[in-house]
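S.K.: Okay, here's the structure, questions in a sec.
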Amino acid sequence: MRKNSKLLEQVLADCLQYFPPFRLMIETAATKSKYNIALWENMVCADFGIEWHRVSVNWGLIKDKTDLIESVCHELVHAFQYENGLETDHGKEFANWCAFFTLQHDINILSSDVLAEDFYLACEAFVKV
Ligand SMILES: [Zn+2]
């Protein structure tokens, strides 16, 4: 996809609706990272004691708007994990988010290193609630 900062801001606003309010500001950016379609970073300006999230996307790897939504939601989960003192990884807690997004919103935020078993169990638990 061609770089489109406006679309990214709009998609971010849409994706934020799926999360409880964030404490820190969220900045969007473009990245040329070769391997990641998107990235979450914890940004700190020590001089001013300011902290914020940066969600960046690799426009070269984003195919379409669906890809963009999935990627932003995925990175926002990491922002959520960080704000809530959780590991910013793709473990069991992340698998819960995968189940939530897949079953509730038809959004695929899965990462290749999410264990199939974790995802399956999370989906099962989610359906039972
Ligand atoms: Zn991730």
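Scheme for the structure tokens: letters A, B, ... for chains in order shown; per-chain residue numbers from 1; ligand numbers from 1 in order shown.
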Name the residues in contact with Asn58 of chain A at a cut-off of 6 Å, using only C-alpha atoms, excluding same-chain residues fewer than 4 positions from it; report them as a short mmCIF file (atom, residue, chain, number, x, y, z; two decimals) with N, CA and C atoms, in the first residue's frame.

M.R.:
```cif
data_model
loop_
_atom_site.label_atom_id
_atom_site.label_comp_id
_atom_site.auth_asym_id
_atom_site.auth_seq_id
_atom_site.Cartn_x
_atom_site.Cartn_y
_atom_site.Cartn_z
N ALA A 30 5.57 5.77 10.15
CA ALA A 30 5.91 4.79 9.11
C ALA A 30 7.26 4.20 9.46
N THR A 31 7.43 2.93 9.19
CA THR A 31 8.72 2.31 9.45
C THR A 31 9.19 1.59 8.19
N LYS A 32 10.48 1.47 8.05
CA LYS A 32 11.02 0.72 6.92
C LYS A 32 11.62 -0.59 7.41
N ILE A 37 5.66 -6.05 9.77
CA ILE A 37 4.61 -5.33 9.06
C ILE A 37 4.21 -4.10 9.88
N ALA A 38 4.36 -4.23 11.20
CA ALA A 38 4.07 -3.11 12.10
C ALA A 38 4.85 -3.31 13.40
#
```

S.K.: Wanna dump the chain A-ligand 1 contacts at 10 Å for me, each residue with its shortest atom pair and the distance in Å to one decimal, counting only C-alpha atoms and all ligand atoms, ordered by chain and number, as JSON lines?

M.R.:
```
{"residue": "A:Asn36", "atom": "CA", "partner": "ligand 1", "partner_atom_place_in_ligand_line": "1 (Zn)", "distance": 9.3}
{"residue": "A:Ile37", "atom": "CA", "partner": "ligand 1", "partner_atom_place_in_ligand_line": "1 (Zn)", "distance": 10.0}
{"residue": "A:Ala38", "atom": "CA", "partner": "ligand 1", "partner_atom_place_in_ligand_line": "1 (Zn)", "distance": 8.4}
{"residue": "A:Leu39", "atom": "CA", "partner": "ligand 1", "partner_atom_place_in_ligand_line": "1 (Zn)", "distance": 7.4}
{"residue": "A:Trp40", "atom": "CA", "partner": "ligand 1", "partner_atom_place_in_ligand_line": "1 (Zn)", "distance": 7.8}
{"residue": "A:Ser71", "atom": "CA", "partner": "ligand 1", "partner_atom_place_in_ligand_line": "1 (Zn)", "distance": 8.8}
{"residue": "A:Cys73", "atom": "CA", "partner": "ligand 1", "partner_atom_place_in_ligand_line": "1 (Zn)", "distance": 9.8}
{"residue": "A:His74", "atom": "CA", "partner": "ligand 1", "partner_atom_place_in_ligand_line": "1 (Zn)", "distance": 6.1}
{"residue": "A:Glu75", "atom": "CA", "partner": "ligand 1", "partner_atom_place_in_ligand_line": "1 (Zn)", "distance": 6.1}
{"residue": "A:Leu76", "atom": "CA", "partner": "ligand 1", "partner_atom_place_in_ligand_line": "1 (Zn)", "distance": 9.1}
{"residue": "A:Val77", "atom": "CA", "partner": "ligand 1", "partner_atom_place_in_ligand_line": "1 (Zn)", "distance": 7.9}
{"residue": "A:His78", "atom": "CA", "partner": "ligand 1", "partner_atom_place_in_ligand_line": "1 (Zn)", "distance": 6.5}
{"residue": "A:Ala79", "atom": "CA", "partner": "ligand 1", "partner_atom_place_in_ligand_line": "1 (Zn)", "distance": 9.9}
{"residue": "A:Thr88", "atom": "CA", "partner": "ligand 1", "partner_atom_place_in_ligand_line": "1 (Zn)", "distance": 7.6}
{"residue": "A:Asp89", "atom": "CA", "partner": "ligand 1", "partner_atom_place_in_ligand_line": "1 (Zn)", "distance": 6.1}
{"residue": "A:His90", "atom": "CA", "partner": "ligand 1", "partner_atom_place_in_ligand_line": "1 (Zn)", "distance": 6.1}
{"residue": "A:Gly91", "atom": "CA", "partner": "ligand 1", "partner_atom_place_in_ligand_line": "1 (Zn)", "distance": 9.8}
{"residue": "A:Phe94", "atom": "CA", "partner": "ligand 1", "partner_atom_place_in_ligand_line": "1 (Zn)", "distance": 8.5}
{"residue": "A:Ile109", "atom": "CA", "partner": "ligand 1", "partner_atom_place_in_ligand_line": "1 (Zn)", "distance": 8.6}
{"residue": "A:Leu110", "atom": "CA", "partner": "ligand 1", "partner_atom_place_in_ligand_line": "1 (Zn)", "distance": 8.3}
{"residue": "A:Ser111", "atom": "CA", "partner": "ligand 1", "partner_atom_place_in_ligand_line": "1 (Zn)", "distance": 6.5}
{"residue": "A:Ser112", "atom": "CA", "partner": "ligand 1", "partner_atom_place_in_ligand_line": "1 (Zn)", "distance": 9.4}
{"residue": "A:Asp113", "atom": "CA", "partner": "ligand 1", "partner_atom_place_in_ligand_line": "1 (Zn)", "distance": 8.9}
{"residue": "A:Val114", "atom": "CA", "partner": "ligand 1", "partner_atom_place_in_ligand_line": "1 (Zn)", "distance": 9.2}
```

S.K.: The selected residues should be written to file as a compact mmCIF listing (two decimals), in the first residue's frame (atoms: N, CA and C atoms).

M.R.:
```txt
# COMPACT_ATOMS: atom_id res chain seq x y z
N ASN A 36 9.15 -6.50 9.95
CA ASN A 36 7.87 -6.33 10.63
C ASN A 36 6.89 -5.54 9.79
N ILE A 37 5.66 -6.05 9.77
CA ILE A 37 4.61 -5.33 9.06
C ILE A 37 4.21 -4.10 9.88
N ALA A 38 4.36 -4.23 11.20
CA ALA A 38 4.07 -3.11 12.10
C ALA A 38 4.85 -3.31 13.40
N LEU A 39 4.87 -2.24 14.19
CA LEU A 39 5.71 -2.27 15.38
C LEU A 39 5.11 -1.38 16.46
N TRP A 40 5.18 -1.85 17.71
CA TRP A 40 4.83 -1.01 18.83
C TRP A 40 6.12 -0.69 19.57
N SER A 71 -3.08 -4.97 11.74
CA SER A 71 -1.75 -4.64 12.26
C SER A 71 -1.85 -3.63 13.41
N CYS A 73 -4.46 -3.04 15.39
CA CYS A 73 -5.05 -3.70 16.56
C CYS A 73 -4.02 -4.58 17.27
N HIS A 74 -3.24 -5.29 16.48
CA HIS A 74 -2.18 -6.14 17.04
C HIS A 74 -1.22 -5.31 17.90
N GLU A 75 -0.77 -4.20 17.36
CA GLU A 75 0.20 -3.38 18.09
C GLU A 75 -0.44 -2.71 19.30
N LEU A 76 -1.72 -2.37 19.20
CA LEU A 76 -2.40 -1.76 20.35
C LEU A 76 -2.52 -2.75 21.51
N VAL A 77 -2.60 -4.03 21.20
CA VAL A 77 -2.60 -5.02 22.28
C VAL A 77 -1.29 -4.93 23.05
N HIS A 78 -0.19 -4.75 22.34
CA HIS A 78 1.11 -4.60 23.03
C HIS A 78 1.13 -3.32 23.88
N ALA A 79 0.54 -2.26 23.36
CA ALA A 79 0.46 -1.02 24.13
C ALA A 79 -0.37 -1.26 25.40
N THR A 88 4.92 -7.85 27.06
CA THR A 88 4.51 -7.44 25.72
C THR A 88 4.95 -8.52 24.73
N ASP A 89 4.22 -9.63 24.79
CA ASP A 89 4.58 -10.77 23.95
C ASP A 89 3.34 -11.40 23.32
N HIS A 90 3.50 -12.60 22.78
CA HIS A 90 2.40 -13.29 22.11
C HIS A 90 2.00 -14.54 22.88
N GLY A 91 2.00 -14.42 24.21
CA GLY A 91 1.66 -15.56 25.06
C GLY A 91 0.16 -15.75 25.20
N PHE A 94 -2.10 -12.70 25.11
CA PHE A 94 -2.26 -12.21 23.74
C PHE A 94 -3.26 -13.09 22.99
N ILE A 109 -5.67 -10.74 14.37
CA ILE A 109 -4.44 -10.10 14.87
C ILE A 109 -3.37 -11.14 15.18
N LEU A 110 -3.60 -12.38 14.76
CA LEU A 110 -2.68 -13.48 15.06
C LEU A 110 -1.26 -13.22 14.56
N SER A 111 -0.33 -13.70 15.32
CA SER A 111 1.07 -13.65 14.94
C SER A 111 1.52 -15.10 14.80
N SER A 112 2.52 -15.33 13.97
CA SER A 112 2.91 -16.71 13.70
C SER A 112 3.41 -17.45 14.94
N ASP A 113 3.83 -16.68 15.96
CA ASP A 113 4.32 -17.38 17.15
C ASP A 113 3.28 -17.50 18.27
N VAL A 114 2.03 -17.19 17.97
CA VAL A 114 0.97 -17.50 18.94
C VAL A 114 0.74 -19.01 18.85
```

S.K.: Write out as a list of chain:residue names all residues of chain A that DSSP puts in strand (DSSP E or B) for this structure's backbone.

M.R.: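 Residues of chain A classed as strand (DSSP E or B): A:Ile26, A:Glu27, A:Thr28, A:Ala29, A:Ala30, A:Ala38, A:Leu39, A:Trp40, A:Glu41, A:Asn42, A:Met43, A:Val44, A:Cys45, A:Ile50, A:Glu51, A:Trp52, A:His53, A:Arg54, A:Val55, A:Ser56, A:Val57.
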
S.K.: Looking at only C-alpha atoms, which of A:Thr28, A:Thr102, A:Asn108, A:Ser33 is the one that sits closest to Glu70 of chain A?

M.R.: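 The closest residue to Glu70 of chain A is A:Asn108.
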
S.K.: For Met25 of chain A, please output as a PDB file with C-alpha atoms, in the first residue's frame all residues within 9 Å (counting only C-alpha atoms; exclusion window: fewer than 5 positions along the same chain).

M.R.:
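Produced file around_25.pdb, reproduced below:
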```
ATOM      1  CA  GLU A  51       6.256   8.603  27.833  1.00  0.00           C
ATOM      2  CA  TRP A  52       4.095   7.572  24.906  1.00  0.00           C
ATOM      3  CA  HIS A  53       3.341   4.765  22.490  1.00  0.00           C
ATOM      4  CA  ARG A  54       4.480   4.668  18.906  1.00  0.00           C
TER       5      ARG A  54
END
```

S.K.: What does the distance between atom CA of Phe119 of chain A and atom CA of Ala95 of chain A come to in Å, to one decimal place?

M.R.: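 The value is 4.9 Å.
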
S.K.: Between A:Lys63, A:Gln81, A:Tyr18, A:Ala29, which residue has the minimum interatomic distance to Ser5 of chain A, considering only C-alpha atoms?

M.R.: A:Ala29

S.K.: With only C-alpha atoms as the atoms that count, which of A:Ala122, A:Leu7, A:Phe80, A:Gly49 lies nearest to Phe101 of chain A?

M.R.: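 Nearest candidate to Phe101 of chain A out of A:Ala122, A:Leu7, A:Phe80, A:Gly49: A:Ala122.
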
S.K.: For Ala125 of chain A, work out the shell of residues within 10 Å, counting only C-alpha atoms and skipping chain neighbours fewer than 4 positions away, then give it as a list in words.

M.R.: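 Near neighbours after the sequence-gap exclusion: Asn96, Ala99, Phe119, Tyr120, Leu121 and Val129 of chain A.
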
S.K.: To test your reading of the structure, identify every residue in chain A that backbone DSSP assigns to alpha helix (DSSP H), and report it as an MDAnalysis selection string.

M.R.: chainID A and resid 5:16 65:83 92:105 116:128

S.K.: Using only C-alpha atoms, pick whichever of A:Leu24, A:Ser56, A:Arg2, A:Asp64 has the shortest atom-to-atom distance to Asn84 of chain A.

M.R.: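 Among the listed residues, A:Leu24 lies closest to Asn84 of chain A.
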
S.K.: Which residue out of A:Glu41, A:Glu83, A:Asp47, A:Asp118 has the minimum interatomic distance to Phe22 of chain A when only C-alpha atoms are used?

M.R.: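 Among the listed residues, the smallest separation from Phe22 of chain A belongs to A:Glu83.
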
S.K.: Kindly give the distance, in Å, that separates atom CA of Ile62 of chain A and atom CA of Leu12 of chain A, rounded to a single decimal.

M.R.: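 Between atom CA of Ile62 of chain A and atom CA of Leu12 of chain A the gap is 14.7 Å.
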
S.K.: Of the residues A:Met43, A:Phe48, A:Cys98, A:Glu9, which is the one nearest to Glu124 of chain A, using only C-alpha atoms?

M.R.: A:Cys98
